[in-house]
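Below you'll find the structure, written out as structure tokens, and then a few comments.
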Amino acid sequence: MKIQPIRGTHDLYGEELHKFTKIEKVVKYYANIYGFNNIITPIFESTDLFKKPLGDQSDVVLKEMYTFLDRNKSSLTLRPEYTTPIIRAAISNNLLEKTPQKLFGIGPMFRRERPQKGRYRQFNQMNFEILGSNDEASDVDLILLAKNILQDLLPEKEIILQINSLGDKDTLGKFKESLKIYFEKYKFDLSDESKEKIDNNSLRILDSKDKKDIEINANAPKISNFYSEEAKKYFNIIQSLLDQSSLNFEINNTLVRGLDYYCHTVFEFKTKDLGSQDTLIGGGRYNGLVKMIGGKDISGVGWAGGIERIMMLMHDNQVEEKKVQLIIMKKELRDYGYKLLNLLRENKIPVHFDYKYNLKKSLSFANNSNYEYVIIVGENELNNNLCILKELKTGSQKSVSFIEIIKILKK
Ligand code: HAM
């Protein structure tokens with residue numbers, strides 16, 4: 001019986017896992033600099049946590065959630081995103097008595113999308129949320145944090161920041177109504193998928209990647225015409241704070257994001273190097289969401305980044321490691337070789353041993369695995385209390401004592 005992996009899932013190992021680990025490291029580093037605390041929540045939650053907050057009519061809720069009945073018939077869902085679980089956890093654990101709460105999490109999310117390059121059914125997100133601040137600086141702080149993380153991980157890539165404001169509830173209500181009227185006129189021209197959205201989800205048509213839809217969208221009503229004074233002011237301050245931080249951005253009036261909970265600032269970091277799945281990081285403000293989930297009436301803002309998409313843009317070998325392999329030439333020399341192996345590990349030098357006792361096979365393995373050094377232990381070395389250190393790239397080698405080899409490899 002050969003069991004296949006589930007479509008849209010992938011295993012992480014080797015070079016890919018190195019990249020994943022590097023991303024985690026960079027995320028944690030900047031989380032500390034920007035004052036965020038880590039949180040880990042369960043991967044499944046009550047279905048109600050997602051249904052209304054993400055939007056009854058959103059694609060995620062309508063088509064993509066992995067929802068199942070537990071044995072006691074309660075409905076559970078594998079989390080499709082991290083914002084709502086983090087808010088749920090902050091409420092459950094009374095973390096919101098002290099605000100702002102700045103929380104971050106890294107972990108797997110689940111969406112039953114059509115798999116393609118950069119789009120999986122299980123994927124990993126890094127996720128940052130600030131709960132309980134209405135200050136424009138909190139939006140901008142998060143955008144700067146995202147920029148720093150991307151710049152650190154992808155220094156050579158051109159990454160574009162797009163921002164928009166969805167205004168307040170009033171703005172959005174009026175805007176959606178006028179979109180509905182506009183799209184009604186094109187109901188025979190829109191793609192089938194967009195047609196279905198006219199009545200309940202007109203905002204999402206603006207997200208469409210269909211060619212004809214894009215043409216129709218070009219003349220659709222603009223949200224900027226519906227801003228309240230307050231919404232206008234908020235968006236202007238965001239822009240001027242971004243300018244002050246010398247951050248380049250584009251205003252994209254059609255940027256609406258795929259989930260229902262947003263208001264005011266929304267933003268995305270995009271790349272031209274990934275085809276249609278081009279958003280690396282997306283987020284925005286979500287005033288009203290904490291209350292909807294059962295907490296205080298406080299506002300929030302955050303973003304999530306797709307770890308796999310970032311990994312696809314990273315070079316191999318970004319992780320520099322001094323890789324060392326020990327070769328014990330004969331099984332009879334195992335005691336001596338083992339003494340050295342243990343000594344190296346006690347001195348915190350990572351070293352691989354392949355249990356082969358065969359110089360040729362082990363050397364070929366070391367070469368194929370890009371090891372930097374091999375340490376060889378043969379009869380001669382045993383008799384003289386030495387070992388051979390060979391640098392694979394240059395082929396140069398020398399006999400050294402155990403004390404010397406530790407000194408060299410620790411450098
Ligand atoms: P989202 O735009 O749905 O937002 O997802 C954020 C990021 O996760 C995307 O930009 C993308 O990089 C990655 N992503 C999403 N779906 C997939 C997939 N199927 N395969 C691979 N990567 C994917 C949210 O999830 C919001 N919770 C963001 C947020 C946080 N807003 C406020 N706080």
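Ligands are numbered from 1 in the order shown, residues from 1 within each chain, and chains are lettered A, B, ... in the order they appear in the structure tokens.
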Determine, counting only C-alpha atoms, which protein, DNA and RNA residues have an atom within 12 Å of an atom of A:Glu229; residues of the same chain fewer than 3 positions away are not included. Present the result as number ranges by chain.
A: 167-168, 170-171, 224-226, 232-236
When DSSP is applied to the backbone of this structure, which of stretch 121-328 of chain A are assigned helix (DSSP H, G or I)? Write them out as a ChimeraX atom specification.
/A:136-153,169-184,192-195,202-205,211-218,223-226,229-244,289-292,307-313
Which residues of stretch 3-78 of chain A have any atom within 12 Å of an atom in stretch 187-197 of chain A when counting only C-alpha atoms, and what is the closest pair of atoms for each, with the distance in Å to one decimal? Order the rows by chain and rising number and write it as a Markdown table.
```
| residue | atom | partner | partner_atom | distance |
| --- | --- | --- | --- | --- |
| A:Gln57 | CA | A:Lys197 | CA | 8.4 |
| A:Ser58 | CA | A:Lys197 | CA | 9.5 |
| A:Asp59 | CA | A:Lys197 | CA | 10.0 |
| A:Leu62 | CA | A:Lys197 | CA | 11.6 |
```
Just-selected residues, N, CA and C atoms written as a short mmCIF file (atom, residue, chain, number, x, y, z; two decimals), in the first residue's frame:
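The file below, again-v8.cif, is the result:
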```cif
data_model
loop_
_atom_site.label_atom_id
_atom_site.label_comp_id
_atom_site.auth_asym_id
_atom_site.auth_seq_id
_atom_site.Cartn_x
_atom_site.Cartn_y
_atom_site.Cartn_z
N GLN A 57 -20.15 35.26 3.34
CA GLN A 57 -20.09 35.18 1.88
C GLN A 57 -18.66 35.21 1.35
N SER A 58 -17.67 35.18 2.26
CA SER A 58 -16.28 35.20 1.77
C SER A 58 -15.94 33.83 1.18
N ASP A 59 -14.98 33.82 0.24
CA ASP A 59 -14.58 32.55 -0.37
C ASP A 59 -14.09 31.58 0.69
N LEU A 62 -17.19 30.17 2.43
CA LEU A 62 -18.09 29.45 1.53
C LEU A 62 -17.47 28.18 0.97
#
```
Can you pull out every residue within 8 Å of stretch 385-398 of chain A, counting only C-alpha atoms, but drop anything in the same chain fewer than 4 positions away, and send it as a PyMOL selection string?
chain A and resi 367+371-378+381+402+405
Produce a file of the selected residues containing N, CA, C and O atoms, as a PDB file, in the first residue's frame.
```
ATOM      1  N   ASN A 367      30.889  14.593  -0.032  1.00  0.00           N
ATOM      2  CA  ASN A 367      30.982  15.474  -1.211  1.00  0.00           C
ATOM      3  C   ASN A 367      29.593  15.802  -1.762  1.00  0.00           C
ATOM      4  O   ASN A 367      29.284  16.953  -2.059  1.00  0.00           O
ATOM      5  N   TYR A 371      29.405  18.858   2.412  1.00  0.00           N
ATOM      6  CA  TYR A 371      30.096  19.058   3.686  1.00  0.00           C
ATOM      7  C   TYR A 371      31.333  19.906   3.446  1.00  0.00           C
ATOM      8  O   TYR A 371      31.941  19.849   2.383  1.00  0.00           O
ATOM      9  N   GLU A 372      31.654  20.688   4.473  1.00  0.00           N
ATOM     10  CA  GLU A 372      32.824  21.554   4.336  1.00  0.00           C
ATOM     11  C   GLU A 372      34.103  20.789   4.709  1.00  0.00           C
ATOM     12  O   GLU A 372      35.107  20.909   4.029  1.00  0.00           O
ATOM     13  N   TYR A 373      34.006  20.032   5.787  1.00  0.00           N
ATOM     14  CA  TYR A 373      35.174  19.269   6.264  1.00  0.00           C
ATOM     15  C   TYR A 373      34.823  17.814   6.494  1.00  0.00           C
ATOM     16  O   TYR A 373      33.682  17.494   6.855  1.00  0.00           O
ATOM     17  N   VAL A 374      35.794  16.937   6.318  1.00  0.00           N
ATOM     18  CA  VAL A 374      35.674  15.605   6.919  1.00  0.00           C
ATOM     19  C   VAL A 374      36.830  15.409   7.885  1.00  0.00           C
ATOM     20  O   VAL A 374      37.936  15.941   7.686  1.00  0.00           O
ATOM     21  N   ILE A 375      36.555  14.666   8.927  1.00  0.00           N
ATOM     22  CA  ILE A 375      37.610  14.278   9.872  1.00  0.00           C
ATOM     23  C   ILE A 375      37.792  12.780   9.670  1.00  0.00           C
ATOM     24  O   ILE A 375      36.808  12.026   9.728  1.00  0.00           O
ATOM     25  N   ILE A 376      39.015  12.372   9.385  1.00  0.00           N
ATOM     26  CA  ILE A 376      39.233  10.948   9.096  1.00  0.00           C
ATOM     27  C   ILE A 376      40.062  10.310  10.209  1.00  0.00           C
ATOM     28  O   ILE A 376      41.064  10.873  10.668  1.00  0.00           O
ATOM     29  N   VAL A 377      39.612   9.151  10.648  1.00  0.00           N
ATOM     30  CA  VAL A 377      40.327   8.429  11.688  1.00  0.00           C
ATOM     31  C   VAL A 377      40.705   7.063  11.130  1.00  0.00           C
ATOM     32  O   VAL A 377      39.827   6.268  10.776  1.00  0.00           O
ATOM     33  N   GLY A 378      42.031   6.795  11.005  1.00  0.00           N
ATOM     34  CA  GLY A 378      42.514   5.496  10.522  1.00  0.00           C
ATOM     35  C   GLY A 378      43.477   4.904  11.547  1.00  0.00           C
ATOM     36  O   GLY A 378      43.665   5.452  12.649  1.00  0.00           O
ATOM     37  N   GLU A 381      46.277   7.199  12.697  1.00  0.00           N
ATOM     38  CA  GLU A 381      45.816   8.259  13.608  1.00  0.00           C
ATOM     39  C   GLU A 381      45.676   7.700  15.019  1.00  0.00           C
ATOM     40  O   GLU A 381      46.060   8.334  15.995  1.00  0.00           O
ATOM     41  N   PHE A 402      43.400  16.111  18.976  1.00  0.00           N
ATOM     42  CA  PHE A 402      41.993  16.366  19.315  1.00  0.00           C
ATOM     43  C   PHE A 402      41.808  17.811  19.793  1.00  0.00           C
ATOM     44  O   PHE A 402      40.830  18.476  19.458  1.00  0.00           O
ATOM     45  N   ILE A 405      41.891  20.204  16.799  1.00  0.00           N
ATOM     46  CA  ILE A 405      40.733  20.168  15.882  1.00  0.00           C
ATOM     47  C   ILE A 405      39.548  20.924  16.478  1.00  0.00           C
ATOM     48  O   ILE A 405      38.804  21.619  15.780  1.00  0.00           O
TER      49      ILE A 405
END
```
Can you tell me which residues surround A:Asp260 at a distance of at most 8 Å, considering only C-alpha atoms, apart from same-chain residues fewer than 4 positions away, and format the answer as a PyMOL selection string?
chain A and resi 53-55+58
Could the residues in this selection be written to a file with all heavy atoms, as a PDB file, in the first residue's frame?
```
ATOM      1  N   PRO A  53     -17.042  36.276  11.553  1.00  0.00           N
ATOM      2  CA  PRO A  53     -15.946  37.252  11.459  1.00  0.00           C
ATOM      3  C   PRO A  53     -15.277  37.321  10.086  1.00  0.00           C
ATOM      4  O   PRO A  53     -14.947  38.386   9.600  1.00  0.00           O
ATOM      5  CB  PRO A  53     -14.966  36.772  12.521  1.00  0.00           C
ATOM      6  CG  PRO A  53     -15.821  36.076  13.521  1.00  0.00           C
ATOM      7  CD  PRO A  53     -16.897  35.404  12.734  1.00  0.00           C
ATOM      8  N   LEU A  54     -15.074  36.177   9.428  1.00  0.00           N
ATOM      9  CA  LEU A  54     -14.407  36.238   8.122  1.00  0.00           C
ATOM     10  C   LEU A  54     -15.399  36.617   7.023  1.00  0.00           C
ATOM     11  O   LEU A  54     -15.001  37.038   5.945  1.00  0.00           O
ATOM     12  CB  LEU A  54     -13.761  34.899   7.754  1.00  0.00           C
ATOM     13  CG  LEU A  54     -12.789  34.264   8.744  1.00  0.00           C
ATOM     14  CD1 LEU A  54     -12.029  33.148   8.069  1.00  0.00           C
ATOM     15  CD2 LEU A  54     -11.814  35.268   9.316  1.00  0.00           C
ATOM     16  N   GLY A  55     -16.696  36.411   7.303  1.00  0.00           N
ATOM     17  CA  GLY A  55     -17.721  36.783   6.322  1.00  0.00           C
ATOM     18  C   GLY A  55     -18.436  35.566   5.779  1.00  0.00           C
ATOM     19  O   GLY A  55     -17.802  34.746   5.120  1.00  0.00           O
ATOM     20  N   SER A  58     -17.674  35.178   2.259  1.00  0.00           N
ATOM     21  CA  SER A  58     -16.284  35.201   1.767  1.00  0.00           C
ATOM     22  C   SER A  58     -15.943  33.834   1.179  1.00  0.00           C
ATOM     23  O   SER A  58     -16.517  32.814   1.567  1.00  0.00           O
ATOM     24  CB  SER A  58     -15.332  35.534   2.920  1.00  0.00           C
ATOM     25  OG  SER A  58     -15.350  34.480   3.863  1.00  0.00           O
TER      26      SER A  58
END
```
Quick one: residues within 8 Å of A:Ile293, only C-alpha atoms, excluding same-chain residues fewer than 2 positions away - as a ChimeraX atom specification?
/A:49,53,84,87-88,289-291,295
Expected file contents, prior selection, C-alpha atoms, as a PDB file, in the first residue's frame:
```pdb
ATOM      1  CA  LEU A  49     -15.046  31.622  15.387  1.00  0.00           C
ATOM      2  CA  PRO A  53     -15.946  37.252  11.459  1.00  0.00           C
ATOM      3  CA  THR A  84      -9.417  35.282  14.870  1.00  0.00           C
ATOM      4  CA  ILE A  87      -8.120  37.275  19.364  1.00  0.00           C
ATOM      5  CA  ARG A  88     -10.081  34.322  20.781  1.00  0.00           C
ATOM      6  CA  LEU A 289     -13.741  42.316  15.331  1.00  0.00           C
ATOM      7  CA  VAL A 290     -12.677  41.817  18.954  1.00  0.00           C
ATOM      8  CA  LYS A 291     -16.187  42.714  20.107  1.00  0.00           C
ATOM      9  CA  GLY A 295     -14.306  40.697  23.819  1.00  0.00           C
TER      10      GLY A 295
END
```
Just want the residues within 9 Å of ligand 1, written as a ChimeraX atom specification, counting only C-alpha atoms and all ligand atoms.
/A:8,54,60,80-84,109-130,257-259,261-262,266,268-270,277-286,300-310
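Going from atom CA of A:Asp273 to atom CA of A:Gln151 covers 15.0 Å.
Proximity to A:Lys180 was assessed for A:Ser202, A:Gln162, A:Thr271, A:Asn370 counting only C-alpha atoms; the smallest distance is recorded for A:Ser202.
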For A:Met329, the nearest of the candidates A:Cys263, A:Leu313, A:Leu359, A:Ala220, counting only C-alpha atoms
A:Leu359
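All residues of protein, DNA or RNA that reach within 7 Å of A:Phe249, judged by only C-alpha atoms and not counting those fewer than 4 positions away in the chain, are Ile160, Leu161, Gln162 and Ile163 of chain A.
Residue nearest A:Leu344 within the list A:Ile408, A:Gly288, A:Ala31, A:Val256: A:Ile408 [criterion: smallest interatomic distance, only C-alpha atoms].
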In Å and to one decimal, atom CA of A:Phe104 is distant from atom CA of A:Asn38 by 4.9 Å
Would you compute the distance between atom CA of A:Gln325 and atom CA of A:Thr21? Give it in Å to one decimal.
22.0 Å
Exercise: A:His352 partners within 10 Å, only C-alpha atoms, chain neighbours under 3 positions left out, as a VMD selection string
chain A and resid 323 to 327 341 345 349 355 366 371 374
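Counting only C-alpha atoms, the residue from A:His315, A:Lys2, A:Lys185, A:Arg204 that sits nearest to A:Lys19 is A:His315.
Of the listed residues A:Ile86, A:Ile298, A:Ala146, A:Ser369, the one whose atoms come nearest to A:Ser133 is A:Ile298, with distances taken using only C-alpha atoms.
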I need the residue nearest A:Val140 from this list: A:Ile159, A:Ile205, A:Leu247, A:Leu154. Use only C-alpha atoms for the distance.
A:Leu247
Give the strand (DSSP E or B) residues of stretch 215-343 of chain A, as assigned by DSSP on the backbone, as a PyMOL selection string.
chain A and resi 250-251+263-271+279-285+300-306+324-328
